[in-house]
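Here is the file target30.cif (mmCIF, C-alpha atoms).
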```
data_run
#
loop_
_atom_site.label_atom_id
_atom_site.label_comp_id
_atom_site.auth_asym_id
_atom_site.auth_seq_id
_atom_site.Cartn_x
_atom_site.Cartn_y
_atom_site.Cartn_z
CA MET L 1 42.42 9.90 -60.11
CA ASN L 2 42.93 6.23 -59.20
CA LYS L 3 44.58 7.22 -55.91
CA LYS L 4 41.71 9.57 -55.08
CA LEU L 5 39.16 6.90 -55.90
CA LEU L 6 41.00 4.34 -53.77
CA GLY L 7 41.10 6.82 -50.88
CA LEU L 8 37.37 7.40 -51.16
CA VAL L 9 36.65 3.68 -51.14
CA LEU L 10 38.85 3.18 -48.04
CA SER L 11 37.13 6.08 -46.28
CA LEU L 12 33.70 4.59 -46.96
CA ALA L 13 34.90 1.23 -45.69
CA VAL L 14 36.14 2.79 -42.44
CA LEU L 15 32.82 4.60 -41.93
CA SER L 16 30.94 1.39 -42.60
CA LEU L 17 33.01 -0.51 -40.03
CA ALA L 18 32.54 2.30 -37.51
CA ALA L 19 28.77 2.17 -38.01
CA CYS L 20 28.78 -1.59 -37.49
CA GLY L 21 30.88 -1.10 -34.37
CA ASN L 22 28.33 1.35 -32.97
CA LYS L 23 25.50 -1.10 -33.61
CA THR L 24 27.22 -3.99 -31.88
CA ALA L 25 27.86 -1.79 -28.82
CA GLN L 26 24.11 -1.93 -28.15
CA ALA L 27 22.39 -5.07 -26.93
CA PRO L 28 20.85 -6.92 -29.90
CA ALA L 29 17.07 -7.28 -29.96
CA ASN L 30 17.20 -10.91 -28.88
CA SER L 31 19.72 -10.27 -26.09
CA SER L 32 18.89 -11.61 -22.65
CA GLU L 33 20.05 -8.27 -21.27
CA ALA L 34 16.78 -6.31 -21.48
CA PRO L 35 16.88 -2.51 -21.33
CA VAL L 36 16.12 -0.89 -17.98
CA LYS L 37 12.38 -0.50 -17.44
CA VAL L 38 10.87 2.18 -15.22
CA VAL L 39 8.33 0.75 -12.77
CA THR L 40 6.12 3.42 -11.20
CA VAL L 41 4.40 2.68 -7.89
CA ALA L 42 1.92 4.83 -5.94
CA ALA L 43 2.26 4.42 -2.18
CA SER L 44 1.31 5.86 1.18
CA PRO L 45 4.37 7.50 2.77
CA VAL L 46 4.49 5.20 5.83
CA PRO L 47 5.28 2.36 5.75
CA HIS L 48 4.67 1.58 2.08
CA ALA L 49 7.01 4.08 0.43
CA GLU L 50 9.63 3.27 3.06
CA LEU L 51 9.43 -0.42 2.22
CA LEU L 52 9.68 0.32 -1.50
CA LEU L 53 12.86 2.31 -0.84
CA GLN L 54 14.39 -0.83 0.64
CA VAL L 55 14.04 -2.71 -2.65
CA MET L 56 15.20 -0.05 -5.11
CA ASP L 57 18.68 -1.58 -5.41
CA ASP L 58 17.24 -5.09 -5.70
CA MET L 59 14.98 -3.98 -8.54
CA LYS L 60 17.93 -2.20 -10.16
CA GLU L 61 19.85 -5.48 -10.19
CA LEU L 62 16.89 -7.08 -11.97
CA GLY L 63 16.97 -4.36 -14.64
CA TYR L 64 14.34 -1.90 -13.38
CA ASP L 65 14.30 1.68 -12.21
CA LEU L 66 11.74 1.87 -9.39
CA GLU L 67 9.94 5.22 -9.23
CA ILE L 68 7.95 5.83 -6.03
CA ARG L 69 5.13 8.38 -6.01
CA GLU L 70 3.67 9.21 -2.60
CA PHE L 71 -0.05 9.83 -2.04
CA SER L 72 -1.81 10.83 1.16
CA ASP L 73 -5.29 9.60 0.21
CA TYR L 74 -6.89 6.26 -0.71
CA VAL L 75 -8.55 7.25 -4.00
CA LEU L 76 -5.98 8.70 -6.40
CA PRO L 77 -3.54 5.74 -6.14
CA ASN L 78 -6.27 3.46 -7.50
CA THR L 79 -7.62 5.76 -10.20
CA ALA L 80 -4.07 6.44 -11.42
CA VAL L 81 -3.41 2.71 -11.81
CA ASP L 82 -6.75 2.04 -13.48
CA GLU L 83 -6.15 4.87 -15.96
CA GLY L 84 -2.64 3.63 -16.71
CA ASP L 85 -0.82 6.69 -15.36
CA ILE L 86 0.96 4.55 -12.74
CA MET L 87 1.84 0.86 -13.07
CA ALA L 88 1.18 -0.34 -9.50
CA ASN L 89 0.15 0.78 -6.06
CA PHE L 90 0.89 -0.32 -2.53
CA PHE L 91 -1.32 1.06 0.25
CA GLN L 92 -4.54 -0.94 0.67
CA HIS L 93 -6.03 -4.23 1.75
CA LYS L 94 -8.24 -6.57 -0.29
CA PRO L 95 -11.64 -5.66 1.25
CA TYR L 96 -11.00 -1.99 0.48
CA LEU L 97 -9.90 -2.84 -3.07
CA ASP L 98 -12.96 -5.01 -3.70
CA ASP L 99 -15.28 -2.28 -2.48
CA PHE L 100 -13.45 0.37 -4.54
CA ASN L 101 -13.70 -1.71 -7.73
CA ALA L 102 -17.40 -2.33 -7.13
CA GLU L 103 -18.20 1.33 -6.48
CA ARG L 104 -16.00 2.92 -9.13
CA GLY L 105 -16.07 0.32 -11.88
CA THR L 106 -12.28 0.04 -11.83
CA HIS L 107 -10.34 -3.10 -12.71
CA ILE L 108 -7.49 -3.38 -10.23
CA VAL L 109 -6.20 -6.69 -8.88
CA SER L 110 -3.86 -7.92 -6.17
CA VAL L 111 -0.46 -9.36 -7.05
CA GLY L 112 0.15 -10.56 -3.50
CA LYS L 113 0.15 -9.84 0.25
CA ILE L 114 3.09 -8.01 1.83
CA HIS L 115 2.32 -7.05 5.41
CA TYR L 116 -0.36 -6.40 8.01
CA GLU L 117 -0.83 -3.23 10.07
CA PRO L 118 -2.75 -3.79 13.30
CA PHE L 119 -5.76 -1.48 13.56
CA GLY L 120 -6.06 0.30 16.88
CA VAL L 121 -8.18 2.54 19.07
CA TYR L 122 -6.12 5.62 19.97
CA ALA L 123 -6.64 8.29 22.60
CA GLY L 124 -8.30 11.58 21.77
CA SER L 125 -9.53 13.71 24.65
CA LYS L 126 -9.87 10.52 26.73
CA LYS L 127 -6.71 8.64 27.62
CA THR L 128 -8.45 5.35 28.42
CA LEU L 129 -11.38 3.36 27.06
CA GLU L 130 -13.44 4.34 30.10
CA LEU L 131 -15.85 6.36 28.00
CA ALA L 132 -18.70 8.53 29.23
CA LYS L 133 -22.25 8.75 27.96
CA GLY L 134 -22.44 10.52 24.61
CA ASP L 135 -18.68 10.48 23.91
CA LYS L 136 -17.65 10.78 20.26
CA VAL L 137 -15.61 8.03 18.60
CA ALA L 138 -14.01 8.67 15.20
CA VAL L 139 -13.94 5.92 12.58
CA PRO L 140 -12.90 5.93 8.89
CA ASN L 141 -15.77 6.74 6.55
CA ASP L 142 -15.03 4.13 3.85
CA VAL L 143 -17.14 0.98 4.07
CA THR L 144 -14.45 -1.60 4.79
CA ASN L 145 -12.43 0.36 7.35
CA GLU L 146 -15.58 1.52 9.14
CA ALA L 147 -16.67 -2.09 9.46
CA ARG L 148 -13.21 -2.97 10.74
CA SER L 149 -13.47 -0.17 13.32
CA LEU L 150 -16.90 -1.29 14.52
CA ASN L 151 -15.67 -4.85 14.94
CA LEU L 152 -12.70 -3.50 16.88
CA LEU L 153 -14.99 -1.47 19.16
CA GLU L 154 -17.08 -4.58 19.73
CA ALA L 155 -13.97 -6.58 20.65
CA ALA L 156 -13.05 -3.79 23.08
CA GLY L 157 -16.48 -4.07 24.74
CA VAL L 158 -17.71 -0.63 23.73
CA ILE L 159 -20.61 -1.73 21.49
CA LYS L 160 -22.29 -4.90 20.28
CA LEU L 161 -23.06 -5.61 16.63
CA LYS L 162 -25.83 -7.62 15.05
CA GLU L 163 -24.80 -11.23 14.68
CA GLY L 164 -23.16 -11.87 11.33
CA ALA L 165 -22.50 -8.20 10.51
CA GLY L 166 -18.82 -9.00 10.01
CA LEU L 167 -16.87 -7.19 7.29
CA THR L 168 -19.93 -5.28 6.08
CA ALA L 169 -20.95 -3.82 9.45
CA THR L 170 -22.32 -0.27 9.54
CA LYS L 171 -23.66 1.97 12.30
CA LEU L 172 -27.09 0.47 11.60
CA ASP L 173 -25.78 -2.92 12.80
CA ILE L 174 -25.11 -1.66 16.32
CA VAL L 175 -27.59 -3.46 18.56
CA GLU L 176 -26.15 -2.49 21.94
CA ASN L 177 -24.64 0.91 22.76
CA PRO L 178 -25.00 1.34 26.51
CA LEU L 179 -23.06 4.62 26.61
CA GLU L 180 -24.86 6.00 23.56
CA ILE L 181 -21.51 6.89 22.00
CA GLU L 182 -21.63 8.91 18.80
CA ILE L 183 -19.85 7.33 15.84
CA VAL L 184 -18.16 10.13 13.87
CA GLU L 185 -17.29 9.12 10.31
CA LEU L 186 -14.22 10.90 8.92
CA GLU L 187 -11.87 10.43 6.00
CA SER L 188 -9.03 8.21 7.22
CA ALA L 189 -6.34 10.82 6.59
CA GLN L 190 -8.28 13.40 8.65
CA ILE L 191 -8.62 11.31 11.80
CA PRO L 192 -5.15 12.01 13.29
CA ARG L 193 -5.83 15.73 12.91
CA SER L 194 -9.22 15.42 14.62
CA LEU L 195 -8.19 13.70 17.85
CA ASP L 196 -8.87 16.78 19.98
CA SER L 197 -12.53 16.77 18.92
CA VAL L 198 -13.29 13.12 19.82
CA ALA L 199 -12.88 10.95 22.88
CA VAL L 200 -11.04 8.16 21.03
CA ALA L 201 -10.42 7.21 17.41
CA CYS L 202 -10.03 4.06 15.37
CA MET L 203 -7.08 4.49 13.02
CA ASN L 204 -5.45 2.67 10.15
CA GLY L 205 -1.91 1.63 11.01
CA ASN L 206 -0.25 3.76 8.33
CA TYR L 207 -2.03 6.95 9.39
CA ALA L 208 -1.30 6.25 13.05
CA MET L 209 2.41 5.86 12.23
CA GLU L 210 2.44 9.02 10.12
CA ALA L 211 0.99 10.86 13.13
CA GLY L 212 3.82 9.56 15.33
CA PHE L 213 1.95 6.76 17.12
CA LYS L 214 3.27 3.27 17.79
CA VAL L 215 0.97 0.29 18.09
CA SER L 216 1.98 0.15 21.77
CA ASP L 217 0.29 3.56 22.17
CA ALA L 218 -3.10 2.14 21.21
CA LEU L 219 -5.72 1.75 23.93
CA PHE L 220 -6.88 -1.43 22.19
CA VAL L 221 -5.48 -3.24 19.17
CA GLU L 222 -6.45 -6.15 16.94
CA PRO L 223 -4.91 -9.40 18.21
CA GLN L 224 -2.04 -10.47 15.95
CA ASN L 225 -3.44 -13.99 15.72
CA SER L 226 -6.85 -12.77 14.57
CA THR L 227 -8.34 -13.31 11.12
CA ALA L 228 -7.74 -9.61 10.51
CA ALA L 229 -4.05 -10.34 9.92
CA GLN L 230 -4.96 -12.18 6.71
CA THR L 231 -8.16 -10.36 5.82
CA TYR L 232 -6.58 -6.91 6.02
CA ALA L 233 -3.10 -7.69 4.74
CA ASN L 234 -1.72 -4.85 2.62
CA ILE L 235 -1.29 -5.84 -1.00
CA LEU L 236 0.66 -4.87 -4.10
CA CYS L 237 -1.88 -4.01 -6.83
CA VAL L 238 -1.86 -3.53 -10.60
CA LYS L 239 -4.40 -3.02 -13.35
CA GLU L 240 -6.12 -6.25 -14.34
CA GLY L 241 -4.07 -8.00 -17.01
CA ASN L 242 -0.71 -6.97 -15.54
CA GLU L 243 -0.73 -9.29 -12.53
CA ASN L 244 1.40 -11.93 -14.29
CA GLU L 245 3.85 -9.50 -15.88
CA LYS L 246 7.45 -10.24 -14.94
CA TRP L 247 8.02 -6.76 -13.49
CA ALA L 248 5.02 -7.20 -11.16
CA LYS L 249 6.17 -10.62 -9.96
CA ASP L 250 9.74 -9.36 -9.50
CA LEU L 251 8.54 -6.42 -7.40
CA LEU L 252 6.36 -8.73 -5.29
CA ASN L 253 9.29 -11.09 -4.65
CA CYS L 254 11.53 -8.17 -3.67
CA LEU L 255 8.94 -6.87 -1.20
CA LYS L 256 8.51 -10.34 0.32
CA SER L 257 12.26 -10.90 0.72
CA GLN L 258 13.94 -11.68 4.02
CA LYS L 259 15.70 -8.32 3.74
CA VAL L 260 12.36 -6.49 3.88
CA LYS L 261 11.05 -8.75 6.66
CA ASP L 262 14.14 -7.95 8.74
CA TYR L 263 13.69 -4.22 8.06
CA ILE L 264 10.04 -4.39 9.15
CA GLU L 265 10.90 -6.18 12.39
CA LYS L 266 13.73 -3.78 13.21
CA THR L 267 11.96 -0.57 12.26
CA TYR L 268 8.28 -0.65 13.19
CA ASN L 269 8.09 -2.22 16.65
CA LYS L 270 5.12 -4.46 15.77
CA SER L 271 3.17 -1.64 14.11
CA VAL L 272 3.85 -3.50 10.86
CA ILE L 273 3.96 -7.30 10.61
CA ALA L 274 5.33 -9.11 7.56
CA ILE L 275 3.14 -11.74 5.89
CA ASP L 276 4.84 -14.96 4.74
#
```
Could you show the structure in this file as structure tokens?
Amino acid sequence: MNKKLLGLVLSLAVLSLAACGNKTAQAPANSSEAPVKVVTVAASPVPHAELLLQVMDDMKELGYDLEIREFSDYVLPNTAVDEGDIMANFFQHKPYLDDFNAERGTHIVSVGKIHYEPFGVYAGSKKTLELAKGDKVAVPNDVTNEARSLNLLEAAGVIKLKEGAGLTATKLDIVENPLEIEIVELESAQIPRSLDSVAVACMNGNYAMEAGFKVSDALFVEPQNSTAAQTYANILCVKEGNENEKWAKDLLNCLKSQKVKDYIEKTYNKSVIAID
């Protein structure tokens, strides 16, 4: 009996040591080695998702799994972040974000600027900006990008806007339209597919690239030294309250790295310009 009892005690001791060994194989709660955290980001396919792909390994080294979810519109990436379904998004500029928050009652904020995509006027049925009376010109139908388009058309000499219209310009602010061109408001994503039905079109850089255009194809483009480069810089966004989270700052730093800047310069032929 004594031998059996001793054997039982030894067996329990071995099991106890094994259990302790299994516990110490995991990082203790106060370990500096935090468990891998999944960071989900909504992005337009080009160039945003492509840029995020460049930092997946960098984020992995920092302890994160970066999960990229592509969207082809400008609404769902914001509503998904505001509702907490996705942690961040990367597709928009600050004027669009501000207008979206005001209209929808969302609470999304910028973590920082990443790059700028020059806005351009691209050929439709007309291959030059020598427009005829009554020609149609497509512009995005959201407030900020329509204003940006109208300012671009003014810079190209097609129309003249009321003084001070600026970033809030609408069709009602056109004070001179000698050719009586028709401004056709379309959803941004639809414009590349509507080029045959308009003379020319004002397009966001990402949609122009998705359609196979380079900025050098544009009939007229925003000057790179213009205020648009800062005003319309594309930003990394999160729900308000998360902007100072470590994962958000780490992702911002990865996207602003020299590695990403070099990739932008090599890949996009000035259709995308990194912001310092």
Query raised in the report: Between CA of Ile183 (chain L) and CA of Ala218 (chain L), what is the distance, to one decimal in Å?
Result: 18.3 Å
Closest atom pairs, region 213-237 of chain L residues within 10 Å of region 248-268 of chain L, all atoms listed in the file, as a tab-separated table:
```
residue	atom	partner	partner_atom	distance
L:Lys214	CA	L:Tyr268	CA	7.9
L:Val215	CA	L:Tyr268	CA	8.9
L:Ile235	CA	L:Leu252	CA	9.2
L:Leu236	CA	L:Leu252	CA	7.0
L:Cys237	CA	L:Ala248	CA	8.7
```
Output file for the selection above: C-alpha atoms, as a PDB file, in the coordinates of the input:
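Result went into result_30.pdb, see below:
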```pdb
ATOM      1  CA  LYS L 214       3.270   3.270  17.790  1.00  0.00           C
ATOM      2  CA  VAL L 215       0.970   0.290  18.090  1.00  0.00           C
ATOM      3  CA  ILE L 235      -1.290  -5.840  -1.000  1.00  0.00           C
ATOM      4  CA  LEU L 236       0.660  -4.870  -4.100  1.00  0.00           C
ATOM      5  CA  CYS L 237      -1.880  -4.010  -6.830  1.00  0.00           C
TER       6      CYS L 237
END
```
Reference answer for the PyMOL selection byres ((chain L and resi 213) around 12), as a PDB file with C-alpha atoms, in the coordinates of the input:
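Wrote it out as out.pdb, contents follow:
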```
ATOM      1  CA  VAL L  46       4.490   5.200   5.830  1.00  0.00           C
ATOM      2  CA  PHE L 119      -5.760  -1.480  13.560  1.00  0.00           C
ATOM      3  CA  GLY L 120      -6.060   0.300  16.880  1.00  0.00           C
ATOM      4  CA  VAL L 121      -8.180   2.540  19.070  1.00  0.00           C
ATOM      5  CA  TYR L 122      -6.120   5.620  19.970  1.00  0.00           C
ATOM      6  CA  ALA L 123      -6.640   8.290  22.600  1.00  0.00           C
ATOM      7  CA  PRO L 192      -5.150  12.010  13.290  1.00  0.00           C
ATOM      8  CA  MET L 203      -7.080   4.490  13.020  1.00  0.00           C
ATOM      9  CA  ASN L 204      -5.450   2.670  10.150  1.00  0.00           C
ATOM     10  CA  GLY L 205      -1.910   1.630  11.010  1.00  0.00           C
ATOM     11  CA  ASN L 206      -0.250   3.760   8.330  1.00  0.00           C
ATOM     12  CA  TYR L 207      -2.030   6.950   9.390  1.00  0.00           C
ATOM     13  CA  ALA L 208      -1.300   6.250  13.050  1.00  0.00           C
ATOM     14  CA  MET L 209       2.410   5.860  12.230  1.00  0.00           C
ATOM     15  CA  GLU L 210       2.440   9.020  10.120  1.00  0.00           C
ATOM     16  CA  ALA L 211       0.990  10.860  13.130  1.00  0.00           C
ATOM     17  CA  GLY L 212       3.820   9.560  15.330  1.00  0.00           C
ATOM     18  CA  LYS L 214       3.270   3.270  17.790  1.00  0.00           C
ATOM     19  CA  VAL L 215       0.970   0.290  18.090  1.00  0.00           C
ATOM     20  CA  SER L 216       1.980   0.150  21.770  1.00  0.00           C
ATOM     21  CA  ASP L 217       0.290   3.560  22.170  1.00  0.00           C
ATOM     22  CA  ALA L 218      -3.100   2.140  21.210  1.00  0.00           C
ATOM     23  CA  LEU L 219      -5.720   1.750  23.930  1.00  0.00           C
ATOM     24  CA  TYR L 268       8.280  -0.650  13.190  1.00  0.00           C
ATOM     25  CA  ASN L 269       8.090  -2.220  16.650  1.00  0.00           C
ATOM     26  CA  LYS L 270       5.120  -4.460  15.770  1.00  0.00           C
ATOM     27  CA  SER L 271       3.170  -1.640  14.110  1.00  0.00           C
TER      28      SER L 271
END
```
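For the atom pair formed by CA of Asn242 (chain L) and CA of Glu67 (chain L), the distance is 17.4 Å, given to one decimal.
With all atoms listed in the file as the atoms that count, the residue of L:Val175, L:Ala156, L:Val38, L:Leu97 with the shortest distance to Val143 (chain L) is L:Leu97.
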Query raised in the report: Can you list what the PyMOL selection byres ((chain L and resi 39) around 8) grabs from this structure, as a PyMOL selection string?
Result: chain L and resi 37-38+40-41+64-67+87-88+247
Query raised in the report: Can you list, as JSON, numbers by chain, the residues that the PyMOL selection byres ((chain L and resi 161) around 8) selects here?
Result: {"L": [150, 151, 154, 159, 160, 162, 163, 165, 169, 173, 174, 175, 176]}
Kindly output region 238-267 of chain L as an mmCIF file, in the frame of the given file, after building N, CA and C atoms.
```cif
data_model
loop_
_atom_site.group_PDB
_atom_site.id
_atom_site.type_symbol
_atom_site.label_atom_id
_atom_site.label_comp_id
_atom_site.auth_asym_id
_atom_site.auth_seq_id
_atom_site.Cartn_x
_atom_site.Cartn_y
_atom_site.Cartn_z
ATOM 1 N N VAL L 238 -2.084 -3.984 -9.225
ATOM 2 C CA VAL L 238 -1.860 -3.530 -10.600
ATOM 3 C C VAL L 238 -3.195 -3.535 -11.339
ATOM 4 N N LYS L 239 -3.204 -2.951 -12.509
ATOM 5 C CA LYS L 239 -4.400 -3.020 -13.350
ATOM 6 C C LYS L 239 -4.576 -4.440 -13.842
ATOM 7 N N GLU L 240 -5.821 -4.895 -13.891
ATOM 8 C CA GLU L 240 -6.120 -6.250 -14.340
ATOM 9 C C GLU L 240 -5.476 -6.513 -15.706
ATOM 10 N N GLY L 241 -4.790 -7.653 -15.795
ATOM 11 C CA GLY L 241 -4.070 -8.000 -17.010
ATOM 12 C C GLY L 241 -2.573 -7.882 -16.841
ATOM 13 N N ASN L 242 -2.144 -7.137 -15.801
ATOM 14 C CA ASN L 242 -0.710 -6.970 -15.540
ATOM 15 C C ASN L 242 -0.206 -7.821 -14.384
ATOM 16 N N GLU L 243 -1.114 -8.564 -13.738
ATOM 17 C CA GLU L 243 -0.730 -9.290 -12.530
ATOM 18 C C GLU L 243 0.311 -10.378 -12.769
ATOM 19 N N ASN L 244 0.415 -10.882 -13.997
ATOM 20 C CA ASN L 244 1.400 -11.930 -14.290
ATOM 21 C C ASN L 244 2.601 -11.414 -15.064
ATOM 22 N N GLU L 245 2.672 -10.081 -15.224
ATOM 23 C CA GLU L 245 3.850 -9.500 -15.880
ATOM 24 C C GLU L 245 5.081 -9.738 -15.019
ATOM 25 N N LYS L 246 6.224 -9.931 -15.672
ATOM 26 C CA LYS L 246 7.450 -10.240 -14.940
ATOM 27 C C LYS L 246 7.819 -9.126 -13.968
ATOM 28 N N TRP L 247 7.647 -7.863 -14.378
ATOM 29 C CA TRP L 247 8.020 -6.760 -13.490
ATOM 30 C C TRP L 247 7.179 -6.769 -12.220
ATOM 31 N N ALA L 248 5.896 -7.164 -12.337
ATOM 32 C CA ALA L 248 5.020 -7.200 -11.160
ATOM 33 C C ALA L 248 5.430 -8.327 -10.225
ATOM 34 N N LYS L 249 5.732 -9.490 -10.785
ATOM 35 C CA LYS L 249 6.170 -10.620 -9.960
ATOM 36 C C LYS L 249 7.524 -10.338 -9.318
ATOM 37 N N ASP L 250 8.417 -9.687 -10.056
ATOM 38 C CA ASP L 250 9.740 -9.360 -9.500
ATOM 39 C C ASP L 250 9.602 -8.382 -8.339
ATOM 40 N N LEU L 251 8.734 -7.386 -8.483
ATOM 41 C CA LEU L 251 8.540 -6.420 -7.400
ATOM 42 C C LEU L 251 7.929 -7.099 -6.179
ATOM 43 N N LEU L 252 6.960 -7.992 -6.406
ATOM 44 C CA LEU L 252 6.360 -8.730 -5.290
ATOM 45 C C LEU L 252 7.421 -9.535 -4.546
ATOM 46 N N ASN L 253 8.252 -10.256 -5.277
ATOM 47 C CA ASN L 253 9.290 -11.090 -4.650
ATOM 48 C C ASN L 253 10.279 -10.239 -3.863
ATOM 49 N N CYS L 254 10.619 -9.061 -4.391
ATOM 50 C CA CYS L 254 11.530 -8.170 -3.670
ATOM 51 C C CYS L 254 10.899 -7.701 -2.354
ATOM 52 N N LEU L 255 9.621 -7.357 -2.400
ATOM 53 C CA LEU L 255 8.940 -6.870 -1.200
ATOM 54 C C LEU L 255 8.720 -7.967 -0.160
ATOM 55 N N LYS L 256 8.705 -9.217 -0.605
ATOM 56 C CA LYS L 256 8.510 -10.340 0.320
ATOM 57 C C LYS L 256 9.838 -10.978 0.743
ATOM 58 N N SER L 257 10.946 -10.343 0.412
ATOM 59 C CA SER L 257 12.260 -10.900 0.720
ATOM 60 C C SER L 257 12.558 -10.858 2.210
ATOM 61 N N GLN L 258 13.522 -11.662 2.629
ATOM 62 C CA GLN L 258 13.940 -11.680 4.020
ATOM 63 C C GLN L 258 14.514 -10.322 4.431
ATOM 64 N N LYS L 259 15.150 -9.657 3.489
ATOM 65 C CA LYS L 259 15.700 -8.320 3.740
ATOM 66 C C LYS L 259 14.603 -7.363 4.197
ATOM 67 N N VAL L 260 13.467 -7.379 3.516
ATOM 68 C CA VAL L 260 12.360 -6.490 3.880
ATOM 69 C C VAL L 260 11.736 -6.938 5.200
ATOM 70 N N LYS L 261 11.605 -8.241 5.399
ATOM 71 C CA LYS L 261 11.050 -8.750 6.660
ATOM 72 C C LYS L 261 11.916 -8.300 7.840
ATOM 73 N N ASP L 262 13.233 -8.373 7.670
ATOM 74 C CA ASP L 262 14.140 -7.950 8.740
ATOM 75 C C ASP L 262 14.009 -6.446 8.992
ATOM 76 N N TYR L 263 13.854 -5.674 7.928
ATOM 77 C CA TYR L 263 13.690 -4.220 8.060
ATOM 78 C C TYR L 263 12.404 -3.902 8.816
ATOM 79 N N ILE L 264 11.328 -4.597 8.485
ATOM 80 C CA ILE L 264 10.040 -4.390 9.150
ATOM 81 C C ILE L 264 10.164 -4.673 10.648
ATOM 82 N N GLU L 265 10.773 -5.793 10.972
ATOM 83 C CA GLU L 265 10.900 -6.180 12.390
ATOM 84 C C GLU L 265 11.744 -5.184 13.165
ATOM 85 N N LYS L 266 12.804 -4.699 12.532
ATOM 86 C CA LYS L 266 13.730 -3.780 13.210
ATOM 87 C C LYS L 266 13.165 -2.370 13.325
ATOM 88 N N THR L 267 12.345 -1.972 12.375
ATOM 89 C CA THR L 267 11.960 -0.570 12.260
ATOM 90 C C THR L 267 10.639 -0.208 12.939
#
```
